[in-house]
Structures are given as structure tokens and as C-alpha cells.
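Participant: This is upload-v3.pdb (PDB, C-alpha atoms).
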ATOM      1  CA  MET A   1     112.486  69.429 101.491
ATOM      2  CA  LEU A   2     110.955  72.181  99.363
ATOM      3  CA  ASP A   3     107.885  72.910 101.470
ATOM      4  CA  GLU A   4     107.329  75.922 103.675
ATOM      5  CA  PRO A   5     107.315  75.399 107.446
ATOM      6  CA  ARG A   6     103.964  75.113 109.183
ATOM      7  CA  SER A   7     105.014  77.934 111.485
ATOM      8  CA  GLY A   8     105.424  80.138 108.421
ATOM      9  CA  ARG A   9     101.880  79.456 107.268
ATOM     10  CA  MET A  10     100.552  80.011 110.787
ATOM     11  CA  ALA A  11     102.318  83.357 111.135
ATOM     12  CA  ALA A  12     101.615  84.656 107.630
ATOM     13  CA  TRP A  13      97.913  83.851 107.504
ATOM     14  CA  GLY A  14      97.372  84.571 111.185
ATOM     15  CA  ASN A  15      98.797  88.035 110.600
ATOM     16  CA  ALA A  16      96.538  88.544 107.590
ATOM     17  CA  LEU A  17      93.587  87.595 109.783
ATOM     18  CA  PHE A  18      94.659  90.003 112.534
ATOM     19  CA  ALA A  19      94.873  92.760 109.914
ATOM     20  CA  GLY A  20      91.356  92.023 108.657
ATOM     21  CA  LEU A  21      92.642  91.108 105.205
ATOM     22  CA  VAL A  22      91.279  87.543 105.127
ATOM     23  CA  SER A  23      88.373  85.754 106.768
ATOM     24  CA  PRO A  24      88.872  83.320 109.682
ATOM     25  CA  ASP A  25      87.875  80.426 107.424
ATOM     26  CA  GLU A  26      90.395  81.350 104.725
ATOM     27  CA  ALA A  27      93.168  81.815 107.283
ATOM     28  CA  ALA A  28      92.471  78.390 108.790
ATOM     29  CA  GLU A  29      92.301  76.735 105.365
ATOM     30  CA  ARG A  30      95.631  78.244 104.299
ATOM     31  CA  ILE A  31      97.340  77.244 107.548
ATOM     32  CA  VAL A  32      96.106  73.645 107.412
ATOM     33  CA  ALA A  33      96.983  73.336 103.695
ATOM     34  CA  ASP A  34      97.505  69.624 102.898
ATOM     35  CA  ASP A  35      97.211  68.445 106.503
ATOM     36  CA  VAL A  36      93.976  66.929 107.801
ATOM     37  CA  VAL A  37      93.412  69.136 110.817
ATOM     38  CA  HIS A  38      95.185  71.566 113.159
ATOM     39  CA  ARG A  39      94.259  72.000 116.825
ATOM     40  CA  VAL A  40      95.671  74.265 119.542
ATOM     41  CA  ALA A  41      96.175  72.977 123.096
ATOM     42  CA  GLY A  42      97.008  74.858 126.277
ATOM     43  CA  LEU A  43      95.335  78.174 125.430
ATOM     44  CA  PRO A  44      94.576  80.420 128.411
ATOM     45  CA  GLY A  45      90.910  80.149 129.300
ATOM     46  CA  GLU A  46      90.534  76.551 128.136
ATOM     47  CA  ALA A  47      90.278  73.488 130.361
ATOM     48  CA  GLU A  48      93.537  71.667 131.030
ATOM     49  CA  GLY A  49      94.210  69.156 128.262
ATOM     50  CA  ALA A  50      91.573  70.644 125.975
ATOM     51  CA  SER A  51      92.322  71.627 122.390
ATOM     52  CA  VAL A  52      90.419  73.967 120.079
ATOM     53  CA  GLY A  53      90.269  74.726 116.365
ATOM     54  CA  LEU A  54      92.397  77.307 114.602
ATOM     55  CA  THR A  55      89.710  79.963 114.173
ATOM     56  CA  LEU A  56      88.860  79.969 117.868
ATOM     57  CA  ALA A  57      92.544  79.863 118.840
ATOM     58  CA  LEU A  58      93.540  82.798 116.647
ATOM     59  CA  GLY A  59      90.568  84.790 117.903
ATOM     60  CA  ARG A  60      91.521  84.004 121.490
ATOM     61  CA  LEU A  61      95.128  85.100 120.930
ATOM     62  CA  ARG A  62      93.931  88.385 119.474
ATOM     63  CA  SER A  63      91.550  88.978 122.397
ATOM     64  CA  LEU A  64      94.443  88.349 124.782
ATOM     65  CA  GLY A  65      96.416  91.152 123.142
ATOM     66  CA  ALA A  66      98.332  89.498 120.295
ATOM     67  CA  THR A  67      99.049  91.988 117.527
ATOM     68  CA  GLY A  68     101.294  89.917 115.277
ATOM     69  CA  LEU A  69     102.889  86.495 114.898
ATOM     70  CA  ARG A  70     106.586  85.788 114.432
ATOM     71  CA  VAL A  71     108.417  82.648 113.321
ATOM     72  CA  ALA A  72     111.335  80.849 114.953
ATOM     73  CA  LEU A  73     113.344  78.210 113.044
ATOM     74  CA  PRO A  74     115.919  77.026 115.586
ATOM     75  CA  ALA A  75     118.565  74.383 115.037
ATOM     76  CA  PRO A  76     121.152  72.872 117.409
ATOM     77  CA  GLY A  77     123.511  75.653 118.442
ATOM     78  CA  HIS A  78     121.376  78.303 116.739
ATOM     79  CA  PRO A  79     118.258  79.471 118.664
ATOM     80  CA  LEU A  80     117.024  81.484 115.684
ATOM     81  CA  GLY A  81     113.962  83.555 116.561
ATOM     82  CA  LEU A  82     113.722  82.383 120.172
ATOM     83  CA  SER A  83     113.805  84.481 123.350
ATOM     84  CA  GLY A  84     113.125  81.909 126.099
ATOM     85  CA  PRO A  85     112.291  80.597 128.562
ATOM     86  CA  PRO A  86     114.243  77.306 128.409
ATOM     87  CA  GLU A  87     111.129  75.097 128.346
ATOM     88  CA  PHE A  88     109.735  76.840 125.280
ATOM     89  CA  ASN A  89     113.130  76.931 123.580
ATOM     90  CA  ALA A  90     113.608  73.196 124.156
ATOM     91  CA  ARG A  91     110.199  72.334 122.681
ATOM     92  CA  ALA A  92     110.817  74.616 119.698
ATOM     93  CA  LEU A  93     114.268  73.153 119.084
ATOM     94  CA  GLU A  94     112.870  69.623 119.157
ATOM     95  CA  SER A  95     110.209  70.602 116.619
ATOM     96  CA  GLY A  96     112.558  72.773 114.546
ATOM     97  CA  GLU A  97     110.027  75.598 114.442
ATOM     98  CA  ALA A  98     107.660  77.704 116.511
ATOM     99  CA  VAL A  99     105.433  80.779 116.418
ATOM    100  CA  VAL A 100     105.719  83.628 118.925
ATOM    101  CA  ALA A 101     102.886  86.110 119.451
ATOM    102  CA  SER A 102     103.777  89.799 119.753
ATOM    103  CA  GLY A 103     101.891  91.711 122.438
ATOM    104  CA  VAL A 104     101.198  88.677 124.604
ATOM    105  CA  ALA A 105     103.758  86.381 126.234
ATOM    106  CA  LEU A 106     102.675  83.220 124.432
ATOM    107  CA  GLY A 107     104.156  80.937 121.807
ATOM    108  CA  LEU A 108     103.007  77.941 119.771
ATOM    109  CA  VAL A 109     105.017  74.811 118.984
ATOM    110  CA  PRO A 110     103.648  72.257 116.482
ATOM    111  CA  GLU A 111     103.548  68.538 117.175
ATOM    112  CA  VAL A 112     102.918  66.475 114.055
ATOM    113  CA  TYR A 113     101.123  63.124 113.986
ATOM    114  CA  GLU A 114     101.227  60.927 110.880
ATOM    115  CA  ALA A 115      99.075  57.861 110.213
ATOM    116  CA  GLY A 116      98.287  55.650 107.260
ATOM    117  CA  PRO A 117     100.209  53.633 104.639
ATOM    118  CA  GLU A 118     102.903  55.097 102.419
ATOM    119  CA  GLY A 119     101.318  57.223  99.723
ATOM    120  CA  ASP A 120      98.209  57.839 101.807
ATOM    121  CA  VAL A 121      99.568  59.428 104.968
ATOM    122  CA  HIS A 122      97.210  61.619 106.970
ATOM    123  CA  VAL A 123      98.786  64.404 108.984
ATOM    124  CA  GLU A 124      97.305  66.020 112.063
ATOM    125  CA  VAL A 125      98.970  68.861 113.953
ATOM    126  CA  THR A 126      98.581  69.973 117.551
ATOM    127  CA  TRP A 127     100.001  73.380 118.430
ATOM    128  CA  HIS A 128     101.063  73.557 122.070
ATOM    129  CA  CYS A 129     100.597  77.012 123.600
ATOM    130  CA  LEU A 130     103.323  77.883 126.119
ATOM    131  CA  PRO A 131     104.553  80.995 127.962
ATOM    132  CA  VAL A 132     107.422  82.889 126.305
ATOM    133  CA  ARG A 133     109.779  85.602 127.440
ATOM    134  CA  GLU A 134     109.045  89.048 125.997
ATOM    135  CA  ALA A 135     112.478  89.930 124.647
ATOM    136  CA  PRO A 136     114.115  90.505 121.253
ATOM    137  CA  PRO A 137     114.320  87.239 119.262
ATOM    138  CA  ALA A 138     117.738  85.717 118.694
ATOM    139  CA  ASP A 139     119.720  86.413 115.518
ATOM    140  CA  VAL A 140     116.883  87.655 113.273
ATOM    141  CA  PRO A 141     118.164  89.992 110.520
ATOM    142  CA  SER A 142     116.323  92.802 108.800
ATOM    143  CA  LEU A 143     114.946  92.161 105.332
ATOM    144  CA  GLY A 144     117.731  94.247 103.829
ATOM    145  CA  GLU A 145     120.424  92.286 105.649
ATOM    146  CA  ALA A 146     118.805  88.991 104.709
ATOM    147  CA  GLU A 147     118.616  89.909 101.028
ATOM    148  CA  ARG A 148     122.292  90.870 100.907
ATOM    149  CA  GLU A 149     123.336  87.711 102.722
ATOM    150  CA  LEU A 150     121.259  85.523 100.401
ATOM    151  CA  ALA A 151     122.931  86.826  97.257
ATOM    152  CA  GLU A 152     126.284  85.747  98.671
ATOM    153  CA  ALA A 153     124.844  82.454  99.943
ATOM    154  CA  MET A 154     123.654  81.499  96.455
ATOM    155  CA  ARG A 155     127.169  82.019  95.115
ATOM    156  CA  ASP A 156     128.682  80.082  98.007
ATOM    157  CA  ALA A 157     126.273  77.163  97.586
ATOM    158  CA  THR A 158     127.022  76.818  93.887
ATOM    159  CA  GLU A 159     130.764  77.067  94.499
ATOM    160  CA  VAL A 160     130.686  74.485  97.285
ATOM    161  CA  LEU A 161     128.647  71.984  95.289
ATOM    162  CA  THR A 162     130.928  72.331  92.288
ATOM    163  CA  ARG A 163     134.117  72.080  94.373
ATOM    164  CA  LEU A 164     132.867  68.965  96.167
ATOM    165  CA  ASP A 165     131.805  67.373  92.861
ATOM    166  CA  VAL A 166     128.153  67.147  93.849
ATOM    167  CA  ALA A 167     125.934  65.996  91.005
ATOM    168  CA  GLY A 168     123.122  68.012  92.580
ATOM    169  CA  SER A 169     124.822  71.207  91.494
ATOM    170  CA  GLY A 170     123.789  70.486  87.921
ATOM    171  CA  PRO A 171     120.715  69.077  86.135
ATOM    172  CA  VAL A 172     119.315  67.149  89.120
ATOM    173  CA  ALA A 173     119.250  70.242  91.311
ATOM    174  CA  ASN A 174     117.831  72.368  88.517
ATOM    175  CA  ALA A 175     115.049  69.846  87.861
ATOM    176  CA  ALA A 176     114.123  69.724  91.542
ATOM    177  CA  LEU A 177     114.056  73.506  91.779
ATOM    178  CA  ASP A 178     111.974  73.728  88.593
ATOM    179  CA  ALA A 179     109.454  71.344  90.160
ATOM    180  CA  TYR A 180     109.414  73.524  93.254
ATOM    181  CA  ARG A 181     108.661  76.643  91.196
ATOM    182  CA  ALA A 182     105.948  74.788  89.248
ATOM    183  CA  ARG A 183     104.177  73.840  92.476
ATOM    184  CA  MET A 184     104.287  77.454  93.595
ATOM    185  CA  GLU A 185     102.858  78.675  90.297
ATOM    186  CA  ALA A 186     100.122  76.020  90.449
ATOM    187  CA  GLY A 187      98.503  77.684  93.425
ATOM    188  CA  ARG A 188     100.726  77.823  96.514
ATOM    189  CA  ARG A 189     101.008  81.415  97.573
ATOM    190  CA  LEU A 190     104.106  82.793  99.233
ATOM    191  CA  LEU A 191     103.174  84.738 102.359
ATOM    192  CA  ALA A 192      99.772  86.386 102.641
ATOM    193  CA  PRO A 193      98.088  89.757 102.043
ATOM    194  CA  GLY A 194      99.662  92.559 104.031
ATOM    195  CA  TYR A 195     103.302  91.566 103.527
ATOM    196  CA  PRO A 196     105.691  93.904 101.671
ATOM    197  CA  PRO A 197     106.938  92.737  98.247
ATOM    198  CA  ARG A 198     110.502  92.620  99.554
ATOM    199  CA  ALA A 199     109.488  89.984 102.111
ATOM    200  CA  VAL A 200     108.054  87.804  99.336
ATOM    201  CA  ARG A 201     111.282  88.180  97.343
ATOM    202  CA  VAL A 202     113.477  87.324 100.329
ATOM    203  CA  LEU A 203     111.363  84.305 101.263
ATOM    204  CA  GLU A 204     111.410  82.896  97.729
ATOM    205  CA  LEU A 205     115.196  83.223  97.481
ATOM    206  CA  GLY A 206     115.688  81.860 100.990
ATOM    207  CA  GLN A 207     113.618  78.799 100.149
ATOM    208  CA  ARG A 208     115.564  78.283  96.923
ATOM    209  CA  VAL A 209     118.878  78.381  98.805
ATOM    210  CA  ARG A 210     117.625  76.002 101.479
ATOM    211  CA  ALA A 211     116.245  73.658  98.807
ATOM    212  CA  LEU A 212     119.602  73.646  97.025
ATOM    213  CA  VAL A 213     121.350  72.710 100.262
ATOM    214  CA  SER A 214     118.824  69.915 100.898
ATOM    215  CA  ILE A 215     119.339  68.561  97.396
ATOM    216  CA  ALA A 216     123.085  68.535  97.968
ATOM    217  CA  TYR A 217     122.663  66.499 101.146
ATOM    218  CA  GLY A 218     120.310  64.063  99.417
ATOM    219  CA  GLU A 219     116.850  62.903 100.460
ATOM    220  CA  GLY A 220     118.257  60.949 103.381
ATOM    221  CA  GLY A 221     120.489  63.794 104.464
ATOM    222  CA  ASP A 222     123.629  61.670 104.000
ATOM    223  CA  GLY A 223     124.774  63.026 100.651
ATOM    224  CA  ARG A 224     124.159  59.786  98.757
ATOM    225  CA  GLU A 225     120.950  60.574  96.892
ATOM    226  CA  HIS A 226     122.114  63.342  94.554
ATOM    227  CA  GLY A 227     125.769  63.911  95.291
ATOM    228  CA  GLY A 228     128.990  62.285  94.225
ATOM    229  CA  ALA A 229     130.669  62.234  97.645
ATOM    230  CA  VAL A 230     130.138  59.000  99.530
ATOM    231  CA  SER A 231     132.980  58.669 102.037
ATOM    232  CA  ALA A 232     132.475  59.773 105.628
ATOM    233  CA  SER A 233     135.171  62.435 105.302
ATOM    234  CA  GLU A 234     133.650  63.850 102.122
ATOM    235  CA  ILE A 235     130.176  63.928 103.666
ATOM    236  CA  ALA A 236     131.588  65.701 106.727
ATOM    237  CA  ALA A 237     133.370  68.228 104.517
ATOM    238  CA  ARG A 238     130.207  68.915 102.574
ATOM    239  CA  THR A 239     128.184  69.373 105.759
ATOM    240  CA  GLU A 240     130.752  71.758 107.207
ATOM    241  CA  ALA A 241     130.923  73.795 103.999
ATOM    242  CA  LEU A 242     127.149  74.080 103.585
ATOM    243  CA  ARG A 243     126.228  74.738 107.220
ATOM    244  CA  PRO A 244     126.693  78.548 107.021
ATOM    245  CA  VAL A 245     124.720  78.651 103.759
ATOM    246  CA  GLU A 246     121.803  76.766 105.309
ATOM    247  CA  ARG A 247     121.985  79.043 108.367
ATOM    248  CA  THR A 248     121.730  82.118 106.136
ATOM    249  CA  ALA A 249     118.693  80.657 104.355
ATOM    250  CA  ARG A 250     116.899  79.966 107.635
ATOM    251  CA  ARG A 251     117.644  83.491 108.889
ATOM    252  CA  ALA A 252     116.216  84.932 105.686
ATOM    253  CA  GLN A 253     113.024  82.889 105.948
ATOM    254  CA  VAL A 254     112.477  84.084 109.517
ATOM    255  CA  ALA A 255     113.114  87.697 108.478
ATOM    256  CA  ALA A 256     110.516  87.390 105.707
ATOM    257  CA  TYR A 257     107.825  85.775 107.855
ATOM    258  CA  ASN A 258     108.448  88.307 110.636
ATOM    259  CA  ALA A 259     108.286  91.346 108.343
ATOM    260  CA  TYR A 260     104.610  91.992 109.118
ATOM    261  CA  ALA A 261     105.166  92.166 112.889
ATOM    262  CA  GLU A 262     108.342  94.217 112.393
ATOM    263  CA  GLU A 263     106.576  96.800 110.244
ATOM    264  CA  LEU A 264     103.696  96.957 112.720
ATOM    265  CA  GLU A 265     106.074  97.690 115.593
ATOM    266  CA  ARG A 266     107.978 100.303 113.607
ATOM    267  CA  GLY A 267     104.708 102.035 112.765
ATOM    268  CA  ARG A 268     103.803 102.208 116.414
ATOM    269  CA  GLY A 269     107.233 103.467 117.339
TER     270      GLY A 269
END
Can the structure in the file be given as C-alpha cells, please?

Facilitator:
Amino acid sequence: MLDEPRSGRMAAWGNALFAGLVSPDEAAERIVADDVVHRVAGLPGEAEGASVGLTLALGRLRSLGATGLRVALPAPGHPLGLSGPPEFNARALESGEAVVASGVALGLVPEVYEAGPEGDVHVEVTWHCLPVREAPPADVPSLGEAERELAEAMRDATEVLTRLDVAGSGPVANAALDAYRARMEAGRRLLAPGYPPRAVRVLELGQRVRALVSIAYGEGGDGREHGGAVSASEIAARTEALRPVERTARRAQVAAYNAYAEELERGRG
């Protein structure tokens, strides 16, 4: 609920590697994070069905002409960050996230495999490399737009939770968000070297808004874990009221992760 998307780590640390600001080993370590291993399948130049490690994959993308990595966080009815074709969009929508390489018509969609008993789950990720359409991504705001929208979204989220009598709008939500901040301060770094401070600020606020929405829905997503509403009509009302807030938070996260590639393109323009 409070964790950053894998596509965000891939884009942020892949961009830092492309810029020469981190070593290949550090980039790979930051992308993998708490997972066991990440592999990339379907890269041009590799045998069909073969997969390779992150350092080789990122190096291959750069040699093919990739200059930056962007994030897509699509949801049903909202192809955020995508530009086609349909096959790639469908895979990204199923996963809920993807990475698109600027300068080369390729994208990466993660497939997550979990194994092991509860409390000792091992996670492996395979990134599937697919062709993408070179076109402007859907519905991605600028950092300035995202920051303005987030300020309003925070007010809306608090108002909605209070109006719907959601317990998560009080101490429970605050405790969960405090735990989130503590984990960040304990070593998790937002973004990577090379990103502007405004992107870090927008990402942090976007994650806070999205976390608040998740808390309101409850761990199971049905509104029963933290909230007071339990009837089907109340749950539906809460979902409808919070949907635009969650949408704003996702747009802001994409804007933050994509800031490196955006600045690079503006500099070349």
C-alpha cells in the first residue's frame, strides 16, 4: 500500500545510470530492493525466450538508443503514461505499471512471481520487453500542474474521509502515514541522483495522498479494515468520491518519475 512501484525504481535508477551518476551495480541493487532477483526477457539481440540480468539489460537499452526511462501507471479507463500499441497497453494495464524508454521504441512490463510461506515470501520479477509506439504519453501532467493538483487532492481526501465517517481519517491513518515516513527516513531514498528537488517533493506528496486513499479503502480494498462504512452503498459512495483523488495521486507520481526524461528532452529542444 505504501511502497513505491517497481516501475518507479526501474525508471529512477535506470536514468541515474544513463546519466553516469551511479554504477551499474548500485542501479541494479536499488531497482531490485527487497525482491530476490529481476530479469529482463525479450530484449532485441537475445535468443527467443532468453532473459538477462538488469545490468546487461540497461546497458543494451542504452546501446540501442535509449536516453531516458518513463513510468506508466495505468488503471481501467485511464491509460496514464501509455502511448500504444494495444498489446503493450493491455500488458501494462494488467500489471498496473510499465516503463517506456525514450529514444527507442521499447517498453518494459513487470511480471511478479511470489513463492514461499506467509512471512517468508520470495519475490522474483521478469520484465517483458515489448515494442511501443513513439508518441506523447497519455494524461501526464507537468510537475507544476501535479503539485497544484495534489494540494487540492489532499484537502479533498480529508474532506471525503470525514464526511463519510471513515475512521482512517484520524489516528489510524496518521499512524500508518507516520510508519511510512519512518521507513523512508530509515534508508529508502525517493528518486535517484539527477532528479530536480521539485520532483522529489511531488512524489512524496503523491505517495502520501495515494496512501491515504488506500487506508480509507482498507487493506482488502473493501472499506472494512479502517473505515466506518460497511454497507454496499456506502462503500460505493466512498469509492466514487475517492476515485478522482487517487487518479490525481497517480498522475503526480508519473510526473515525478518522468521529470528526468522531460528535462532531458527540453534541454535538447

Participant: If we count all atoms listed in the file and set the cut-off at 8 Å, which residues sit around segment 30-33 of chain A, ignoring sequence neighbours fewer than 6 positions away in its own chain? Please answer as a list of chain:residue names.

Facilitator: A:Arg6, A:Arg9, A:Met10, A:Trp13

Participant: If we count all atoms listed in the file and set the cut-off at 9 Å, which residues sit around Thr239 of chain A, ignoring sequence neighbours fewer than 4 positions away in its own chain? Please answer as JSON, numbers by chain.

Facilitator: {"A": [217, 223, 234, 235, 243]}

Participant: Just the residues within 12 Å of Ala50 of chain A, please, counting all atoms listed in the file, with nothing from its chain fewer than 2 positions along; format it as a list of chain:residue names.

Facilitator: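 Here the answer would be A:Arg39, A:Val40, A:Ala41, A:Gly42, A:Leu43, A:Pro44, A:Gly45, A:Glu46, A:Ala47, A:Glu48, A:Val52, A:Gly53, A:Ala57, A:Thr126, A:Trp127, A:His128, A:Cys129.
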
Participant: Please write the residues picked by the PyMOL selection byres ((chain A and resi 94) around 12) on this file as a PDB file with C-alpha atoms, in the frame of the given file.

Facilitator:
ATOM      1  CA  LEU A  73     113.344  78.210 113.044  1.00  0.00           C
ATOM      2  CA  PRO A  74     115.919  77.026 115.586  1.00  0.00           C
ATOM      3  CA  ALA A  75     118.565  74.383 115.037  1.00  0.00           C
ATOM      4  CA  PRO A  76     121.152  72.872 117.409  1.00  0.00           C
ATOM      5  CA  PRO A  79     118.258  79.471 118.664  1.00  0.00           C
ATOM      6  CA  GLU A  87     111.129  75.097 128.346  1.00  0.00           C
ATOM      7  CA  PHE A  88     109.735  76.840 125.280  1.00  0.00           C
ATOM      8  CA  ASN A  89     113.130  76.931 123.580  1.00  0.00           C
ATOM      9  CA  ALA A  90     113.608  73.196 124.156  1.00  0.00           C
ATOM     10  CA  ARG A  91     110.199  72.334 122.681  1.00  0.00           C
ATOM     11  CA  ALA A  92     110.817  74.616 119.698  1.00  0.00           C
ATOM     12  CA  LEU A  93     114.268  73.153 119.084  1.00  0.00           C
ATOM     13  CA  SER A  95     110.209  70.602 116.619  1.00  0.00           C
ATOM     14  CA  GLY A  96     112.558  72.773 114.546  1.00  0.00           C
ATOM     15  CA  GLU A  97     110.027  75.598 114.442  1.00  0.00           C
ATOM     16  CA  ALA A  98     107.660  77.704 116.511  1.00  0.00           C
ATOM     17  CA  VAL A 109     105.017  74.811 118.984  1.00  0.00           C
ATOM     18  CA  PRO A 110     103.648  72.257 116.482  1.00  0.00           C
ATOM     19  CA  GLU A 111     103.548  68.538 117.175  1.00  0.00           C
ATOM     20  CA  VAL A 112     102.918  66.475 114.055  1.00  0.00           C
TER      21      VAL A 112
END

Participant: For segment 209-211 of chain A, please output as a ChimeraX atom specification all residues within 6 Å (counting all atoms listed in the file; exclusion window: fewer than 2 positions along the same chain).

Facilitator: /A:2,206-207,213-214,246,249

Participant: Would you translate the PyMOL selection byres ((chain A and resi 258) around 12) into the concrete set of residues it matches in this file, as a PDB file with C-alpha atoms, in the frame of the given file?

Facilitator:
ATOM      1  CA  SER A   7     105.014  77.934 111.485  1.00  0.00           C
ATOM      2  CA  GLY A   8     105.424  80.138 108.421  1.00  0.00           C
ATOM      3  CA  ARG A   9     101.880  79.456 107.268  1.00  0.00           C
ATOM      4  CA  MET A  10     100.552  80.011 110.787  1.00  0.00           C
ATOM      5  CA  ALA A  11     102.318  83.357 111.135  1.00  0.00           C
ATOM      6  CA  ALA A  12     101.615  84.656 107.630  1.00  0.00           C
ATOM      7  CA  TRP A  13      97.913  83.851 107.504  1.00  0.00           C
ATOM      8  CA  GLY A  14      97.372  84.571 111.185  1.00  0.00           C
ATOM      9  CA  ASN A  15      98.797  88.035 110.600  1.00  0.00           C
ATOM     10  CA  GLY A  68     101.294  89.917 115.277  1.00  0.00           C
ATOM     11  CA  LEU A  69     102.889  86.495 114.898  1.00  0.00           C
ATOM     12  CA  ARG A  70     106.586  85.788 114.432  1.00  0.00           C
ATOM     13  CA  VAL A  71     108.417  82.648 113.321  1.00  0.00           C
ATOM     14  CA  ALA A  72     111.335  80.849 114.953  1.00  0.00           C
ATOM     15  CA  LEU A  73     113.344  78.210 113.044  1.00  0.00           C
ATOM     16  CA  GLY A  81     113.962  83.555 116.561  1.00  0.00           C
ATOM     17  CA  VAL A  99     105.433  80.779 116.418  1.00  0.00           C
ATOM     18  CA  VAL A 100     105.719  83.628 118.925  1.00  0.00           C
ATOM     19  CA  ALA A 101     102.886  86.110 119.451  1.00  0.00           C
ATOM     20  CA  SER A 102     103.777  89.799 119.753  1.00  0.00           C
ATOM     21  CA  PRO A 137     114.320  87.239 119.262  1.00  0.00           C
ATOM     22  CA  VAL A 140     116.883  87.655 113.273  1.00  0.00           C
ATOM     23  CA  PRO A 141     118.164  89.992 110.520  1.00  0.00           C
ATOM     24  CA  SER A 142     116.323  92.802 108.800  1.00  0.00           C
ATOM     25  CA  LEU A 143     114.946  92.161 105.332  1.00  0.00           C
ATOM     26  CA  ALA A 146     118.805  88.991 104.709  1.00  0.00           C
ATOM     27  CA  LEU A 191     103.174  84.738 102.359  1.00  0.00           C
ATOM     28  CA  ALA A 192      99.772  86.386 102.641  1.00  0.00           C
ATOM     29  CA  GLY A 194      99.662  92.559 104.031  1.00  0.00           C
ATOM     30  CA  TYR A 195     103.302  91.566 103.527  1.00  0.00           C
ATOM     31  CA  PRO A 196     105.691  93.904 101.671  1.00  0.00           C
ATOM     32  CA  ALA A 199     109.488  89.984 102.111  1.00  0.00           C
ATOM     33  CA  VAL A 200     108.054  87.804  99.336  1.00  0.00           C
ATOM     34  CA  VAL A 202     113.477  87.324 100.329  1.00  0.00           C
ATOM     35  CA  LEU A 203     111.363  84.305 101.263  1.00  0.00           C
ATOM     36  CA  ARG A 251     117.644  83.491 108.889  1.00  0.00           C
ATOM     37  CA  ALA A 252     116.216  84.932 105.686  1.00  0.00           C
ATOM     38  CA  GLN A 253     113.024  82.889 105.948  1.00  0.00           C
ATOM     39  CA  VAL A 254     112.477  84.084 109.517  1.00  0.00           C
ATOM     40  CA  ALA A 255     113.114  87.697 108.478  1.00  0.00           C
ATOM     41  CA  ALA A 256     110.516  87.390 105.707  1.00  0.00           C
ATOM     42  CA  TYR A 257     107.825  85.775 107.855  1.00  0.00           C
ATOM     43  CA  ALA A 259     108.286  91.346 108.343  1.00  0.00           C
ATOM     44  CA  TYR A 260     104.610  91.992 109.118  1.00  0.00           C
ATOM     45  CA  ALA A 261     105.166  92.166 112.889  1.00  0.00           C
ATOM     46  CA  GLU A 262     108.342  94.217 112.393  1.00  0.00           C
ATOM     47  CA  GLU A 263     106.576  96.800 110.244  1.00  0.00           C
ATOM     48  CA  LEU A 264     103.696  96.957 112.720  1.00  0.00           C
ATOM     49  CA  GLU A 265     106.074  97.690 115.593  1.00  0.00           C
TER      50      GLU A 265
END

Participant: Atom CA of Ala105 of chain A and atom CA of Ala16 of chain A, how far apart in Å?

Facilitator: 20.1 Å

Participant: Rank A:Val37, A:Leu106, A:Leu80, A:Leu190 by their smallest atom-to-atom distance to Leu64 of chain A, using all atoms listed in the file, and report the top residue only.

Facilitator: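 Under the stated criterion, the closest residue is A:Leu106.
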
Participant: When you count only C-alpha atoms, which of these residues is closest to Thr55 of chain A: A:Leu17, A:Glu118, A:His78, A:Pro85?

Facilitator: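 So, comparing all the options, the nearest one is A:Leu17.
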
Participant: Which one is closest to Leu56 of chain A: A:Asp25, A:Glu147, A:Asp34, A:Glu204? Count all atoms listed in the file.

Facilitator: A:Asp25

Participant: Hey, can you check how far atom CA of Ser63 of chain A sits from atom CA of Glu124 of chain A?

Facilitator: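 For atom CA of Ser63 of chain A relative to atom CA of Glu124 of chain A, the distance reads 25.8 Å.
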
Participant: By how many Å are atom CA of Ala28 of chain A and atom CA of His122 of chain A apart?

Facilitator: 17.5 Å

Participant: Nearest to Leu108 of chain A: which of A:Val36, A:Ala236, A:Ala241, A:Leu61 is it, counting all atoms listed in the file?

Facilitator: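 Comparing A:Val36, A:Ala236, A:Ala241, A:Leu61 against Leu108 of chain A, the winner is A:Leu61.
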
Participant: Give the answer as one residue: which of A:Ala19, A:Pro131, A:Arg250, A:Val125 has the shortest atom-to-atom distance to Glu149 of chain A, using only C-alpha atoms?

Facilitator: A:Arg250

Participant: N, CA and C atoms are needed for segment 122-133 of chain A; please write them out as a short mmCIF file (atom, residue, chain, number, x, y, z; two decimals), in the coordinates of the input.

Facilitator:
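The result, stored in out_35.cif:
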data_model
loop_
_atom_site.label_atom_id
_atom_site.label_comp_id
_atom_site.auth_asym_id
_atom_site.auth_seq_id
_atom_site.Cartn_x
_atom_site.Cartn_y
_atom_site.Cartn_z
N HIS A 122 98.03 60.52 106.46
CA HIS A 122 97.21 61.62 106.97
C HIS A 122 97.96 62.32 108.09
N VAL A 123 98.01 63.63 108.02
CA VAL A 123 98.79 64.40 108.98
C VAL A 123 97.86 65.28 109.82
N GLU A 124 98.00 65.16 111.12
CA GLU A 124 97.30 66.02 112.06
C GLU A 124 98.34 66.77 112.88
N VAL A 125 98.02 68.01 113.23
CA VAL A 125 98.97 68.86 113.95
C VAL A 125 98.30 69.42 115.20
N THR A 126 99.01 69.31 116.32
CA THR A 126 98.58 69.97 117.55
C THR A 126 99.60 71.05 117.90
N TRP A 127 99.14 72.27 118.02
CA TRP A 127 100.00 73.38 118.43
C TRP A 127 99.91 73.53 119.94
N HIS A 128 101.04 73.43 120.62
CA HIS A 128 101.06 73.56 122.07
C HIS A 128 101.37 75.01 122.45
N CYS A 129 100.46 75.61 123.18
CA CYS A 129 100.60 77.01 123.60
C CYS A 129 101.36 77.06 124.93
N LEU A 130 102.45 77.82 124.94
CA LEU A 130 103.32 77.88 126.12
C LEU A 130 103.72 79.33 126.40
N PRO A 131 104.07 79.65 127.65
CA PRO A 131 104.55 81.00 127.96
C PRO A 131 105.90 81.25 127.29
N VAL A 132 106.13 82.49 126.86
CA VAL A 132 107.42 82.89 126.30
C VAL A 132 107.91 84.15 127.02
N ARG A 133 109.18 84.40 126.86
CA ARG A 133 109.78 85.60 127.44
C ARG A 133 109.65 86.74 126.44
#
